[in-house]
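Some notes on the structure that comes next.
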Amino acid sequence: MKITVIGAGNMGGALVKGFVKSGAVCAKDVTVSDVSEANLARIGAFNPEIVLSSDNVKAVSGADCVIVAVKPWIAEKVVRQIASAVSCPVISIAAGVSVDSLKEWFGGKAPAMFRVIPNTAAEYCESMTFVQAAGASEEEKAAVLGLLGSVGSVMEIEEKMFPAATTLSSCGIAYAMKYIRASMQGGITLGFSPKLSEDIVIQTVKGAAKLLQESGNHPEAEIDKVTTPGGITIKGINAMEANGFTKAVIEGILAGEKAGK
């Protein structure tokens with residue numbers, strides 16, 4: 001499969017690196033187009049076999065799949081620019097841009113469309129990616145879901161759920177990082193060096209996620225296993241809750257969902 005990615009910023013770059021690392025696409029079959037020389041240089045440094053371009057129309061020529069990975073306010077300009085040159089499936093990761101808008105910008109007979117929300121963990125093939133397909137054949141859908149599945153987990157959702165999916169997973173990467181950073185600060189306060197504190201917290205979070213994935217247990221079941229009556233775990237949890245831990249997380253997620261509508 002030959003793919004073209006328009007936009008080599010954080011998310012576009014993460015997808016490109018993930019696709020190549022996973023082996024889903026050969027580097028020589030990937031074309032990346034961007035107006036930023038710095039963004040292109042970073043992709044070139046990652047793998048010199050990737051084809052680099054600053055011409056979007058030329059870049060999409062011969063592609064089997066085009067990924068529009070630009071900011072939402074640039075998406076219309078880019079889509080209208082390439083509309084007449086594209087007949088293959090198009091994936092848009094522009095937040096807040098609906099399938100109906102994409103169809104309008106393409107005009108006439110639009111190609112198969114996929115509205116997609118991944119997250120930056122795609123670079124390490126651990127993205128949680130949400131997809132809405134429109135006007136795609138079963139073959140096109142299978143090909144796109146397979147490509148996206150190479151960089152993590154994929155879930156098809158209704159359009160109305162995109163704001164919620166964005167804040168829970170795409171923004172959720174940042175929320176998780178805030179917890180990790182806060183825990184690191186706690187570790188430093190207790191006497192660990194910043195690096196040791198970081199290593200401890202990252203492995204702990206990684207272990208907690210793996211434990212839930214492998215066991216299939218509800219988080220509360222695993223919490224109960226390490227919460228001895230009168231012990232240090234329950235006292236720590238109670239102190240966090242007294243300071244609004246769960247409420248703060250839920251309010252943050254709801255605020256993100258509201259802002260995404």
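Each chain of the structure tokens is named A, B, ... in the order shown, its residues numbered from 1; ligands are numbered from 1 in display order.
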Among the residues of segment 3-233 of chain A, find those DSSP assigns to alpha helix (DSSP H) from the backbone and print them as an MDAnalysis selection string.
chainID A and resid 10:22 37:46 56:60 72:82 99:106 138:149 162:165 172:190 194:215 219:225 232:233
Give me the residues of segment 112-181 of chain A that have any atom at most 8 Å from an atom of segment 253-256 of chain A; for each, the nearest atom pair and the distance in Å, rounded to one decimal. Use only C-alpha atoms, sort by chain and number, and format it as a Markdown table.
| residue | atom | partner | partner_atom | distance |
| --- | --- | --- | --- | --- |
| A:Pro163 | CA | A:Gly256 | CA | 7.9 |
| A:Ala164 | CA | A:Gly256 | CA | 7.9 |
| A:Thr167 | CA | A:Gly256 | CA | 5.2 |
| A:Leu168 | CA | A:Ile253 | CA | 6.4 |
| A:Cys171 | CA | A:Gly256 | CA | 7.7 |
For the selection you just gave me, I'd like the residues written to a file as a short mmCIF file (atom, residue, chain, number, x, y, z; two decimals), in the first residue's frame, keeping N, CA and C atoms.
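Output saved as selection19.cif:
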data_model
loop_
_atom_site.label_atom_id
_atom_site.label_comp_id
_atom_site.auth_asym_id
_atom_site.auth_seq_id
_atom_site.Cartn_x
_atom_site.Cartn_y
_atom_site.Cartn_z
N PRO A 163 -16.59 13.92 20.08
CA PRO A 163 -16.06 14.81 21.13
C PRO A 163 -15.69 14.04 22.40
N ALA A 164 -16.52 13.06 22.78
CA ALA A 164 -16.25 12.27 23.97
C ALA A 164 -15.00 11.41 23.78
N THR A 167 -11.72 13.62 24.00
CA THR A 167 -11.27 14.00 25.34
C THR A 167 -10.84 12.79 26.16
N LEU A 168 -11.49 11.63 25.95
CA LEU A 168 -11.16 10.45 26.75
C LEU A 168 -9.84 9.82 26.34
N CYS A 171 -7.02 13.52 24.14
CA CYS A 171 -6.63 14.41 25.24
C CYS A 171 -6.21 13.59 26.46
#
Non-local contacts of Ala24 of chain A (7 Å; only C-alpha atoms; under 3 positions in same chain excluded) as number ranges by chain
A: 19-20, 147, 150
Store the residues of this selection in a file with C-alpha atoms, as a compact mmCIF listing (two decimals), in the first residue's frame.
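Result saved to again.txt:
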# COMPACT_ATOMS: atom_id res chain seq x y z
CA PHE A 19 3.17 2.69 10.28
CA VAL A 20 6.80 2.19 9.34
CA LEU A 147 -3.62 0.16 8.51
CA SER A 150 -1.09 -1.57 12.96
Which residues in segment 66-160 of chain A does DSSP call strand (DSSP E)? List them as a PDB file with C-alpha atoms, in the first residue's frame.
ATOM      1  CA  VAL A  66      -4.356   9.806   1.720  1.00  0.00           C
ATOM      2  CA  ILE A  67      -4.207  10.969   5.322  1.00  0.00           C
ATOM      3  CA  VAL A  68      -5.043  14.615   6.004  1.00  0.00           C
ATOM      4  CA  VAL A  90      -9.156   9.647   2.498  1.00  0.00           C
ATOM      5  CA  ILE A  91      -8.526   9.647   6.246  1.00  0.00           C
ATOM      6  CA  SER A  92      -9.015  12.921   8.094  1.00  0.00           C
ATOM      7  CA  MET A 113     -14.063   8.981   3.750  1.00  0.00           C
ATOM      8  CA  PHE A 114     -12.790   8.071   7.187  1.00  0.00           C
ATOM      9  CA  ARG A 115     -12.977  10.449  10.102  1.00  0.00           C
ATOM     10  CA  VAL A 116     -10.330   9.311  12.550  1.00  0.00           C
ATOM     11  CA  ILE A 117      -9.147  10.325  16.014  1.00  0.00           C
ATOM     12  CA  SER A 127      -2.757   4.357  19.959  1.00  0.00           C
ATOM     13  CA  MET A 128      -6.426   4.169  20.857  1.00  0.00           C
ATOM     14  CA  THR A 129      -7.949   5.136  17.513  1.00  0.00           C
ATOM     15  CA  PHE A 130     -11.605   5.929  16.764  1.00  0.00           C
ATOM     16  CA  VAL A 131     -13.071   5.649  13.265  1.00  0.00           C
ATOM     17  CA  GLN A 132     -16.211   6.655  11.381  1.00  0.00           C
ATOM     18  CA  ALA A 133     -16.430   5.401   7.796  1.00  0.00           C
ATOM     19  CA  ALA A 134     -18.584   6.948   5.049  1.00  0.00           C
ATOM     20  CA  GLY A 152      -2.753   0.271  18.184  1.00  0.00           C
ATOM     21  CA  SER A 153      -6.374  -0.524  18.952  1.00  0.00           C
ATOM     22  CA  VAL A 154      -9.222   0.622  16.686  1.00  0.00           C
ATOM     23  CA  MET A 155     -12.859   1.246  17.538  1.00  0.00           C
ATOM     24  CA  GLU A 156     -15.674   2.294  15.208  1.00  0.00           C
TER      25      GLU A 156
END
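Computed from the coordinates, the atom CA of Glu251 of chain A to atom CA of Asn217 of chain A distance equals 25.0 Å.
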So, counting only C-alpha atoms, which residue among A:Phe46, A:Lys160, A:Ala174, A:Lys141 is closest to Val249 of chain A?
A:Ala174
12 Å contact set for Gly23 of chain A, only C-alpha atoms, chain neighbours under 5 positions out, as an NGL selection string:
:A and (1 or 16-18 or 28-30 or 125 or 146-147 or 149-151)
State, in Å with one decimal place, the distance from atom CA of Leu102 of chain A to atom CA of Glu76 of chain A.
7.7 Å
